[in-house]
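Raw run.tsv, TSV, C-alpha atoms:
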chain	number	residue	atom	x	y	z
A	19	MET	CA	101.81	155.13	97.81
A	20	LYS	CA	105.04	154.03	96.13
A	21	LYS	CA	105.91	151.91	99.17
A	22	CYS	CA	102.55	150.14	98.96
A	23	VAL	CA	103.03	149.40	95.26
A	24	LEU	CA	106.58	148.22	95.90
A	25	PHE	CA	105.36	145.95	98.72
A	26	ARG	CA	102.73	144.41	96.46
A	27	VAL	CA	105.31	143.83	93.72
A	28	ARG	CA	107.73	142.22	96.16
A	29	LYS	CA	104.95	140.08	97.64
A	30	LYS	CA	103.95	138.84	94.19
A	31	PHE	CA	107.60	138.19	93.36
A	32	VAL	CA	108.16	136.12	96.51
A	33	TYR	CA	104.91	134.20	95.92
A	34	GLY	CA	105.98	133.54	92.36
A	35	ILE	CA	109.37	132.21	93.50
A	36	ILE	CA	107.63	129.82	95.95
A	37	CYS	CA	105.30	128.57	93.23
A	38	LEU	CA	108.18	128.07	90.81
A	39	PHE	CA	110.08	126.09	93.46
A	40	CYS	CA	107.14	123.75	94.05
A	41	LEU	CA	106.49	123.32	90.35
A	42	SER	CA	110.15	122.77	89.51
A	43	PHE	CA	110.47	120.11	92.21
A	44	PHE	CA	107.78	117.96	90.63
A	45	SER	CA	107.44	119.62	87.20
A	46	LEU	CA	106.06	117.54	84.38
A	47	PRO	CA	106.31	118.37	80.69
A	48	ALA	CA	103.64	117.31	78.22
A	49	GLY	CA	104.79	113.73	78.70
A	50	ALA	CA	105.30	112.48	82.23
A	51	GLN	CA	108.88	111.54	83.18
A	52	LYS	CA	109.87	108.58	85.29
A	53	GLU	CA	112.15	110.50	87.63
A	54	ASN	CA	109.46	113.10	88.37
A	55	ILE	CA	106.83	110.48	89.05
A	56	GLU	CA	109.20	108.64	91.36
A	57	ALA	CA	110.02	111.90	93.19
A	58	VAL	CA	106.33	112.48	93.90
A	59	VAL	CA	105.69	108.93	95.08
A	60	HIS	CA	108.82	108.86	97.23
A	61	SER	CA	107.95	112.18	98.85
A	62	VAL	CA	104.48	110.95	99.81
A	63	ALA	CA	105.62	107.49	100.92
A	64	GLY	CA	108.61	108.91	102.76
A	65	ASN	CA	106.39	111.34	104.64
A	66	ILE	CA	104.17	108.46	105.76
A	67	ILE	CA	107.14	106.41	106.95
A	68	ARG	CA	108.67	109.35	108.83
A	69	ASN	CA	105.41	109.97	110.66
A	70	THR	CA	104.72	106.38	111.75
A	71	SER	CA	106.13	105.88	115.23
A	72	TYR	CA	104.88	102.45	116.42
A	73	LYS	CA	104.34	103.98	119.86
A	74	PHE	CA	101.42	104.73	122.17
A	75	ILE	CA	100.44	107.90	123.97
A	76	ASP	CA	98.34	108.56	127.07
A	77	THR	CA	95.89	111.22	125.89
A	78	LYS	CA	95.62	112.65	129.42
A	79	THR	CA	99.25	112.83	130.51
A	80	LYS	CA	100.88	112.82	127.05
A	81	THR	CA	103.26	110.09	128.26
A	82	VAL	CA	104.65	108.03	125.38
A	83	TYR	CA	105.02	104.23	125.63
A	84	THR	CA	106.70	101.70	123.39
A	85	SER	CA	104.87	98.64	124.72
A	86	THR	CA	101.38	97.66	125.87
A	87	GLY	CA	102.87	95.93	128.91
A	88	ASN	CA	103.38	98.94	131.14
A	89	PHE	CA	100.30	101.17	130.90
A	90	PRO	CA	98.90	102.54	134.20
A	91	ALA	CA	95.39	101.29	134.90
A	92	GLU	CA	93.90	104.78	134.54
A	93	ALA	CA	95.68	105.58	131.27
A	94	GLU	CA	93.70	106.53	128.15
A	95	ILE	CA	95.84	105.10	125.39
A	96	ARG	CA	95.91	105.82	121.68
A	97	THR	CA	98.52	105.05	119.07
A	98	GLN	CA	100.78	108.03	118.61
A	99	SER	CA	100.68	107.87	114.82
A	100	LEU	CA	97.50	108.07	112.77
A	101	TYR	CA	99.02	105.62	110.30
A	102	ASN	CA	99.02	102.81	112.88
A	103	ARG	CA	95.26	102.91	113.32
A	104	TRP	CA	92.76	100.41	111.96
A	105	GLU	CA	91.13	102.81	109.48
A	106	TYR	CA	89.80	101.99	106.02
A	107	SER	CA	91.81	104.82	104.47
A	108	ASN	CA	94.98	103.28	105.93
A	109	GLY	CA	94.04	100.12	104.07
A	110	VAL	CA	94.13	102.01	100.78
A	111	MET	CA	97.41	103.62	101.83
A	112	MET	CA	99.02	100.25	102.49
A	113	ILE	CA	97.81	98.84	99.18
A	114	GLY	CA	99.42	101.86	97.56
A	115	MET	CA	102.66	101.30	99.47
A	116	LEU	CA	102.84	97.67	98.33
A	117	LYS	CA	102.16	98.59	94.71
A	118	ALA	CA	104.76	101.37	94.86
A	119	ALA	CA	107.30	98.95	96.35
A	120	GLU	CA	106.86	96.70	93.35
A	121	ALA	CA	106.71	99.44	90.72
A	122	PHE	CA	109.69	101.45	91.94
A	123	GLY	CA	111.78	98.69	93.49
A	124	ARG	CA	111.53	100.19	96.99
A	125	LYS	CA	111.62	97.28	99.43
A	126	GLU	CA	111.26	99.64	102.39
A	127	TYR	CA	107.68	100.39	101.34
A	128	ALA	CA	106.70	96.73	101.53
A	129	ASP	CA	108.60	96.33	104.79
A	130	TYR	CA	106.62	99.27	106.18
A	131	VAL	CA	103.31	97.54	105.48
A	132	LEU	CA	104.43	94.27	107.05
A	133	LYS	CA	105.70	96.11	110.12
A	134	ASN	CA	102.46	98.07	110.41
A	135	PHE	CA	100.25	94.99	110.39
A	136	ASP	CA	102.55	93.14	112.80
A	137	PHE	CA	102.34	96.11	115.18
A	138	VAL	CA	98.55	95.88	115.20
A	139	PHE	CA	98.31	92.14	115.70
A	140	LYS	CA	101.01	91.81	118.34
A	141	ASN	CA	99.35	94.54	120.44
A	142	ALA	CA	95.77	93.42	119.83
A	143	ASP	CA	95.37	91.40	123.04
A	144	TYR	CA	95.65	94.46	125.27
A	145	PHE	CA	93.13	96.46	123.27
A	146	LYS	CA	90.80	93.49	123.01
A	147	LYS	CA	90.52	93.50	126.81
A	148	VAL	CA	89.85	97.24	126.81
A	149	TYR	CA	87.20	96.81	124.12
A	150	ALA	CA	85.57	93.91	126.03
A	151	ALA	CA	85.36	96.15	129.09
A	152	LYS	CA	83.36	98.60	126.95
A	153	LYS	CA	85.96	101.28	127.33
A	154	ARG	CA	87.27	103.42	124.52
A	155	SER	CA	89.50	101.03	122.61
A	156	GLU	CA	92.18	101.51	120.05
A	157	TRP	CA	91.39	99.59	116.87
A	158	ALA	CA	87.75	99.24	117.91
A	159	PRO	CA	86.77	98.47	114.29
A	160	PHE	CA	89.24	95.58	114.33
A	161	PHE	CA	87.25	93.87	117.09
A	162	ARG	CA	83.80	95.21	116.30
A	163	MET	CA	83.59	94.20	112.62
A	164	GLY	CA	80.11	95.64	112.39
A	165	SER	CA	80.34	97.48	109.10
A	166	LEU	CA	82.16	97.40	105.79
A	167	ASP	CA	84.25	100.37	106.92
A	168	ASP	CA	85.51	98.24	109.80
A	169	CYS	CA	87.03	95.50	107.72
A	170	GLY	CA	86.75	95.78	103.93
A	171	ALA	CA	89.64	98.01	102.84
A	172	MET	CA	91.96	96.90	105.63
A	173	SER	CA	91.29	93.27	104.74
A	174	ALA	CA	92.14	93.94	101.09
A	175	ALA	CA	95.48	95.37	102.20
A	176	LEU	CA	96.03	92.53	104.67
A	177	THR	CA	95.35	90.02	101.91
A	178	ASP	CA	98.10	91.56	99.80
A	179	ALA	CA	100.47	91.66	102.78
A	180	ASN	CA	99.75	88.06	103.69
A	181	GLU	CA	100.75	86.84	100.26
A	182	LYS	CA	104.25	87.68	101.49
A	183	ALA	CA	103.88	87.14	105.26
A	184	LYS	CA	101.96	83.82	105.27
A	185	ASP	CA	100.85	84.61	108.81
A	186	LYS	CA	98.21	82.43	110.49
A	187	ARG	CA	96.99	85.42	112.53
A	188	TYR	CA	96.24	87.31	109.34
A	189	GLN	CA	94.52	84.36	107.68
A	190	GLU	CA	92.25	83.90	110.68
A	191	TYR	CA	91.21	87.54	110.52
A	192	LEU	CA	90.65	87.41	106.75
A	193	SER	CA	88.41	84.36	107.06
A	194	LYS	CA	86.35	86.19	109.67
A	195	ALA	CA	86.10	89.31	107.50
A	196	ALA	CA	85.07	87.30	104.46
A	197	ASP	CA	82.33	85.57	106.45
A	198	TYR	CA	81.12	88.92	107.74
A	199	ILE	CA	80.81	90.50	104.30
A	200	LEU	CA	79.27	87.45	102.64
A	201	ASN	CA	76.85	86.45	105.39
A	202	LYS	CA	76.33	89.18	107.99
A	203	GLN	CA	76.53	92.63	106.43
A	204	LEU	CA	73.17	94.35	105.91
A	205	ARG	CA	71.76	93.96	102.39
A	206	LEU	CA	68.77	94.94	100.31
A	207	ASN	CA	66.41	92.17	99.23
A	208	ASP	CA	68.34	91.75	95.97
A	209	GLY	CA	71.61	91.25	97.84
A	210	THR	CA	73.02	94.77	97.43
A	211	LEU	CA	75.17	95.85	100.37
A	212	SER	CA	73.64	98.65	102.43
A	213	ARG	CA	73.70	100.51	105.76
A	214	ASN	CA	71.07	101.52	108.29
A	215	ASN	CA	71.99	105.20	108.15
A	216	PRO	CA	71.05	107.91	107.53
A	217	HIS	CA	67.88	106.06	106.47
A	218	ASN	CA	67.01	102.43	106.93
A	219	MET	CA	68.69	100.34	104.18
A	220	THR	CA	70.65	103.13	102.51
A	221	LEU	CA	73.04	102.30	99.70
A	222	TRP	CA	76.36	104.22	99.97
A	223	ALA	CA	78.60	104.54	96.91
A	224	ASP	CA	81.64	104.30	99.22
A	225	ASP	CA	80.73	100.72	100.10
A	226	LEU	CA	81.57	99.41	96.65
A	227	TYR	CA	85.23	99.95	97.51
A	228	MET	CA	84.76	98.77	101.10
A	229	SER	CA	83.71	95.35	99.79
A	230	VAL	CA	84.64	94.54	96.19
A	231	PRO	CA	88.47	94.80	96.31
A	232	PHE	CA	88.59	92.33	99.20
A	233	LEU	CA	86.01	89.98	97.70
A	234	ALA	CA	87.86	89.99	94.38
A	235	ARG	CA	91.15	89.15	96.09
A	236	MET	CA	89.52	86.31	97.99
A	237	GLY	CA	88.13	84.97	94.74
A	238	ARG	CA	91.56	85.04	93.11
A	239	LEU	CA	93.35	83.45	96.05
A	240	THR	CA	90.81	80.74	96.86
A	241	GLY	CA	89.44	80.08	93.38
A	242	GLU	CA	85.94	80.11	94.88
A	243	ASN	CA	83.35	81.64	92.55
A	244	ARG	CA	81.14	82.81	95.43
A	245	TYR	CA	83.50	85.71	96.04
A	246	PHE	CA	83.59	86.74	92.39
A	247	ASP	CA	79.83	86.28	92.09
A	248	ASP	CA	79.16	88.63	94.98
A	249	ALA	CA	81.71	91.20	93.81
A	250	VAL	CA	80.22	91.25	90.31
A	251	LYS	CA	76.70	91.50	91.72
A	252	GLN	CA	77.68	94.54	93.76
A	253	VAL	CA	79.19	96.36	90.78
A	254	LEU	CA	76.14	95.66	88.62
A	255	ASN	CA	73.68	96.66	91.34
A	256	PHE	CA	75.53	99.78	92.43
A	257	ASN	CA	75.49	100.87	88.79
A	258	LYS	CA	71.75	100.20	88.67
A	259	TYR	CA	70.95	102.25	91.75
A	260	LEU	CA	73.48	105.08	91.67
A	261	TYR	CA	74.29	105.88	88.03
A	262	ASN	CA	72.71	108.99	86.53
A	263	PRO	CA	72.51	108.63	82.73
A	264	GLY	CA	71.79	112.35	82.41
A	265	THR	CA	75.19	113.35	83.75
A	266	GLY	CA	77.24	110.18	83.39
A	267	LEU	CA	78.02	110.44	87.11
A	268	TYR	CA	77.04	108.57	90.28
A	269	TYR	CA	75.02	109.83	93.21
A	270	HIS	CA	76.42	109.40	96.69
A	271	CYS	CA	73.51	107.29	97.88
A	272	TRP	CA	70.21	105.55	97.24
A	273	TYR	CA	67.45	105.66	99.87
A	274	SER	CA	65.60	102.39	99.50
A	275	ASP	CA	62.74	103.53	101.75
A	276	LEU	CA	62.10	106.54	99.48
A	277	GLU	CA	63.24	104.83	96.29
A	278	GLN	CA	65.28	107.85	95.29
A	279	ASN	CA	68.84	109.07	95.14
A	280	GLY	CA	70.57	111.64	97.29
A	281	VAL	CA	71.35	115.13	96.09
A	282	ALA	CA	75.05	115.15	95.19
A	283	HIS	CA	77.50	113.81	92.63
A	284	TRP	CA	80.21	113.89	95.26
A	285	LEU	CA	83.69	113.51	93.82
A	286	ARG	CA	85.25	110.96	96.17
A	287	CYS	CA	82.28	108.59	96.08
A	288	ASN	CA	82.65	108.53	92.30
A	289	GLY	CA	86.32	107.79	92.91
A	290	TRP	CA	85.50	104.88	95.21
A	291	ILE	CA	83.30	103.40	92.48
A	292	ALA	CA	85.98	103.79	89.81
A	293	MET	CA	88.68	102.18	91.96
A	294	ALA	CA	86.39	99.34	93.01
A	295	GLN	CA	85.58	98.49	89.40
A	296	VAL	CA	89.27	98.55	88.53
A	297	GLU	CA	90.16	96.32	91.49
A	298	LEU	CA	87.57	93.78	90.42
A	299	LEU	CA	88.97	93.66	86.89
A	300	ASN	CA	92.50	93.39	88.32
A	301	ASN	CA	91.56	90.10	89.99
A	302	LEU	CA	88.77	88.66	87.84
A	303	PRO	CA	89.67	85.72	85.56
A	304	ARG	CA	90.10	86.83	81.96
A	305	ASN	CA	87.51	84.30	80.80
A	306	HIS	CA	84.86	85.36	83.32
A	307	PRO	CA	81.48	85.66	81.51
A	308	LYS	CA	80.80	89.12	82.96
A	309	ARG	CA	84.22	90.60	82.23
A	310	ASN	CA	83.29	92.44	79.03
A	311	GLU	CA	80.16	93.87	80.62
A	312	LEU	CA	82.21	95.14	83.55
A	313	ILE	CA	84.73	96.77	81.20
A	314	LYS	CA	81.86	98.54	79.43
A	315	LEU	CA	80.57	99.89	82.73
A	316	LEU	CA	84.01	101.16	83.67
A	317	THR	CA	84.44	102.75	80.25
A	318	ARG	CA	81.07	104.44	80.60
A	319	GLN	CA	82.13	105.92	83.92
A	320	LEU	CA	85.49	107.13	82.67
A	321	ILE	CA	83.87	108.84	79.69
A	322	GLY	CA	81.33	110.47	81.98
A	323	LEU	CA	83.82	111.82	84.48
A	324	SER	CA	86.17	113.09	81.78
A	325	ARG	CA	83.53	115.63	80.75
A	326	PHE	CA	83.81	117.34	84.13
A	327	GLN	CA	87.59	117.63	84.40
A	328	ASP	CA	88.72	121.17	85.16
A	329	PRO	CA	91.16	122.71	82.61
A	330	GLY	CA	93.81	122.58	85.34
A	331	GLY	CA	93.52	118.78	85.46
A	332	LEU	CA	91.68	118.28	88.76
A	333	TRP	CA	88.02	117.57	89.44
A	334	HIS	CA	85.56	119.48	91.62
A	335	GLN	CA	84.30	118.42	95.05
A	336	VAL	CA	80.76	118.33	93.64
A	337	MET	CA	81.58	117.09	90.18
A	338	ASN	CA	78.94	118.92	88.18
A	339	LYS	CA	79.33	122.15	90.18
A	340	PRO	CA	82.37	124.09	88.90
A	341	ASP	CA	82.00	126.64	91.70
A	342	SER	CA	82.81	123.92	94.26
A	343	TYR	CA	86.48	123.53	95.15
A	344	LEU	CA	89.03	121.41	93.33
A	345	GLU	CA	89.83	118.31	95.38
A	346	THR	CA	92.81	115.97	95.35
A	347	SER	CA	91.77	112.58	96.74
A	348	GLY	CA	89.03	112.04	94.16
A	349	THR	CA	91.29	113.33	91.41
A	350	ALA	CA	93.99	110.83	92.40
A	351	MET	CA	91.42	108.03	92.31
A	352	PHE	CA	90.42	108.99	88.77
A	353	VAL	CA	94.02	109.26	87.61
A	354	TYR	CA	94.68	105.77	88.93
A	355	ALA	CA	91.55	104.30	87.36
A	356	ILE	CA	92.11	105.88	83.94
A	357	ALA	CA	95.82	105.14	83.78
A	358	ARG	CA	95.25	101.55	84.89
A	359	ALA	CA	92.49	101.06	82.33
A	360	VAL	CA	94.72	102.40	79.54
A	361	ASN	CA	97.69	100.31	80.67
A	362	GLU	CA	95.57	97.15	80.73
A	363	LYS	CA	94.02	98.04	77.35
A	364	TRP	CA	90.51	98.04	78.77
A	365	ILE	CA	89.92	101.44	77.20
A	366	PRO	CA	91.46	103.16	74.14
A	367	ALA	CA	94.94	104.66	74.48
A	368	SER	CA	93.51	108.09	73.65
A	369	TYR	CA	92.26	108.34	77.23
A	370	LYS	CA	95.88	108.60	78.33
A	371	SER	CA	95.73	112.38	78.00
A	372	ILE	CA	92.99	112.62	80.67
A	373	ALA	CA	95.16	110.80	83.19
A	374	MET	CA	98.18	112.90	82.25
A	375	GLU	CA	96.32	116.18	82.74
A	376	GLY	CA	94.96	114.88	86.04
A	377	TRP	CA	98.42	113.92	87.22
A	378	LYS	CA	99.86	117.30	86.27
A	379	GLY	CA	97.13	119.05	88.26
A	380	LEU	CA	97.63	116.67	91.17
A	381	VAL	CA	101.39	117.22	91.31
A	382	GLU	CA	100.84	120.93	91.84
A	383	LYS	CA	99.01	120.07	95.08
A	384	ILE	CA	101.79	117.84	96.44
A	385	ARG	CA	104.41	119.67	98.44
A	386	PRO	CA	108.11	118.73	98.40
A	387	ASP	CA	107.79	117.27	101.92
A	388	GLY	CA	105.12	114.84	100.69
A	389	ASN	CA	102.11	116.61	102.19
A	390	ILE	CA	99.06	116.75	99.93
A	391	ALA	CA	96.90	119.86	99.88
A	392	ASP	CA	93.14	120.29	99.38
A	393	VAL	CA	91.89	116.91	100.57
A	394	CYS	CA	88.24	116.68	101.61
A	395	ILE	CA	87.88	115.23	105.10
A	396	GLY	CA	85.68	112.22	105.92
A	397	THR	CA	82.18	112.84	104.63
A	398	GLY	CA	78.79	111.39	105.49
A	399	ILE	CA	75.50	111.85	103.68
A	400	ALA	CA	73.23	114.90	103.84
A	401	ASP	CA	70.17	116.04	101.95
A	402	ASN	CA	71.55	119.42	100.92
A	403	VAL	CA	74.28	120.14	98.41
A	404	SER	CA	75.77	122.86	100.62
A	405	PHE	CA	76.90	120.10	103.01
A	406	TYR	CA	79.26	118.82	100.31
A	407	TYR	CA	80.32	122.32	99.28
A	408	ASN	CA	81.28	123.14	102.84
A	409	ARG	CA	83.18	120.01	103.83
A	410	PRO	CA	86.59	121.24	104.98
A	411	LYS	CA	89.59	120.62	102.76
A	412	VAL	CA	92.81	120.02	104.68
A	413	VAL	CA	96.42	119.03	104.16
A	414	ASN	CA	97.26	115.32	104.15
A	415	ASP	CA	93.95	113.83	105.19
A	416	PHE	CA	94.22	110.01	105.01
A	417	HIS	CA	91.91	109.74	102.02
A	418	ALA	CA	94.44	111.02	99.48
A	419	LEU	CA	97.51	108.99	100.42
A	420	GLY	CA	96.78	105.58	98.95
A	421	ALA	CA	95.14	107.02	95.86
A	422	VAL	CA	98.17	109.20	95.08
A	423	LEU	CA	100.55	106.26	95.50
A	424	LEU	CA	98.40	104.09	93.25
A	425	ALA	CA	98.11	106.86	90.67
A	426	GLY	CA	101.88	107.20	90.64
A	427	THR	CA	102.44	103.49	90.02
A	428	GLU	CA	100.13	103.51	87.00
A	429	MET	CA	101.51	106.81	85.69
A	430	LEU	CA	104.95	105.19	85.71
A	431	ARG	CA	103.62	102.40	83.51
A	432	LEU	CA	101.84	104.92	81.31
A	433	ASP	CA	105.10	106.83	80.87
A	434	THR	CA	107.39	103.86	80.31
A	435	GLY	CA	104.94	101.71	78.37
A	436	ARG	CA	105.50	98.70	80.63
Spit out the file's structure as structure tokens when you get a sec.
Amino acid sequence: MKKCVLFRVRKKFVYGIICLFCLSFFSLPAGAQKENIEAVVHSVAGNIIRNTSYKFIDTKTKTVYTSTGNFPAEAEIRTQSLYNRWEYSNGVMMIGMLKAAEAFGRKEYADYVLKNFDFVFKNADYFKKVYAAKKRSEWAPFFRMGSLDDCGAMSAALTDANEKAKDKRYQEYLSKAADYILNKQLRLNDGTLSRNNPHNMTLWADDLYMSVPFLARMGRLTGENRYFDDAVKQVLNFNKYLYNPGTGLYYHCWYSDLEQNGVAHWLRCNGWIAMAQVELLNNLPRNHPKRNELIKLLTRQLIGLSRFQDPGGLWHQVMNKPDSYLETSGTAMFVYAIARAVNEKWIPASYKSIAMEGWKGLVEKIRPDGNIADVCIGTGIADNVSFYYNRPKVVNDFHALGAVLLAGTEMLRLDTGR
């Protein structure tokens, strides 16, 4: 009996030491400190860089290649690193890397993004042939461009990268992506962007981010109002269809055939909406006639979500269901949106405390090696809340990386008052 008690005491002691180590590595007092914020950002960014190989692997033989010029005809090739793939979440990650490079003076972060895009474009010809042959192709979304997921977030990141690179290859792709979103993507009769799944003409909250940040950047860079007009329209219409005034939260979807919303106030979709609204305001001219209205909509959202923050700083997977798990990617999105809004004086400075509590909770989920715990994996739409409850949470899923980097850049400004 004594041995059992002693074992339990020792086990608790060891667990406590581990927790103290993690907390001390990234500990934050009541006010965030620059060196701690930088340690978090550098751990996450450094982990990404370490795990990006710029190589290819044959999924059958496990042979690794450094070039597309020497693959056997029967090889089934993928990129070795997940961070080299043409995935919308990698677009957010690269935006975060570029912002962190600027905020923390880390040129290697910006160099990483430029190298990543160059790797894709210089190897695209091989995979274009594979895709044309209707075989499984790396970067299929790059060639397919048949949905907002295929091109929206990656194009936003590519736009930022091309401000430095000035690459004709990138500009050609961006022009194609802009044409796709403006003229070819499925829309409701009032022009709201939609998808044909799971119902015909379904509005997904996620798509506000998969469109607006890129459209807003195109508006800023070209000076053409058509991009701003469409981006503003999407924000206004998504608010019309998805906002629930009873909770102050957004539903994941709107079924236009049923004229009703889905069942869940899913955390990350609310995060996508918050970040999209922020990205529009980041790029919209200060004298734009809709600017004040857009700030009011963002403020309304930030007030609504603040009511559901857990005392530990994070938010729940299903926001209005405190028995659902605490999740990190959506929390990071909220921290970024709130801190950015305070820093830009779009909302009162008193909201700073919400971002600070969120950051403190988030830091406890980030390990010293830069891996992020409790990230919900990719999530579709379902008509039962249990689907959202039961989505697996994993370590270092793509969806948290960019949001954490962006949150860190704005927390630095919040801390230093820059």
Please build the interface table for segment 322-372 of chain A against segment 106-117 of chain A with a cut-off of 12 Å, listing for each qualifying residue the nearest atom pair and the distance in Å to one decimal; count all atoms listed in the file, order rows by chain and increasing number, and write it as CSV.
residue,atom,partner,partner_atom,distance
A:Ser347,CA,A:Ser107,CA,11.0
A:Ala350,CA,A:Gly114,CA,11.7
A:Met351,CA,A:Val110,CA,10.7
A:Tyr354,CA,A:Gly114,CA,10.6
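Using all atoms listed in the file, the nearest neighbour of Asp224 of chain A within the list A:Glu190, A:Glu362, A:Asp167, A:Asp185 is A:Asp167.
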Minimum-distance residue to Ser155 of chain A, chosen among A:Tyr101, A:Gly379, A:Gln189, A:Glu94 (using all atoms listed in the file):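 Using all atoms listed in the file, the shortest distance to Ser155 of chain A belongs to A:Glu94.
Neighbourhood of point (87.6, 101.0, 119.6): residues with an atom at most 10 Å away, counting only C-alpha atoms, are Arg96, Trp104, Phe145, Lys146, Val148, Tyr149, Ala150, Lys152, Lys153, Arg154, Ser155, Glu156, Trp157, Ala158, Pro159, Phe160, Phe161 and Arg162 of chain A.
In this comparison, which uses all atoms listed in the file, the residue of A:Thr84, A:Ser229, A:Asn215, A:Thr240 approaching Tyr273 of chain A most closely is A:Asn215.
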For segment 300-317 of chain A: contacts at 6 Å, all atoms listed in the file, fewer than 3 positions along chain excluded, given as a PyMOL selection string: chain A and resi 234+238+297+320
Take the point (94.2, 103.1, 84.5) in the file's coordinates, draw a sphere of radius 10 Å around it, and report as JSON, numbers by chain every protein, DNA or RNA residue with an atom inside or on it, counting all atoms listed in the file. {"A": [292, 293, 296, 320, 351, 352, 353, 354, 355, 356, 357, 358, 359, 360, 361, 362, 363, 364, 365, 369, 370, 373, 424, 425, 427, 428, 429, 431, 432]}
Quick one, how far is atom CA of Leu285 of chain A from atom CA of Gln335 of chain A? 5.1 Å
Find the residues around His283 of chain A up to 10 Å (only C-alpha atoms counted), leave out those fewer than 5 positions away in its own chain, and share them as a VMD selection string. chain A and resid 260 to 262 265 to 271 288 334 to 339 403 406
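In this structure, atom CA of Asp433 of chain A sits 21.5 Å away from atom CA of Gly348 of chain A.
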Rounded to one decimal, what separation in Å do you get between atom CA of Ile75 of chain A and atom CA of Ile95 of chain A? 5.6 Å
Using only C-alpha atoms: which of A:Tyr127, A:Trp290, A:Phe135, A:Phe326 has the shortest distance to Gly376 of chain A: A:Phe326
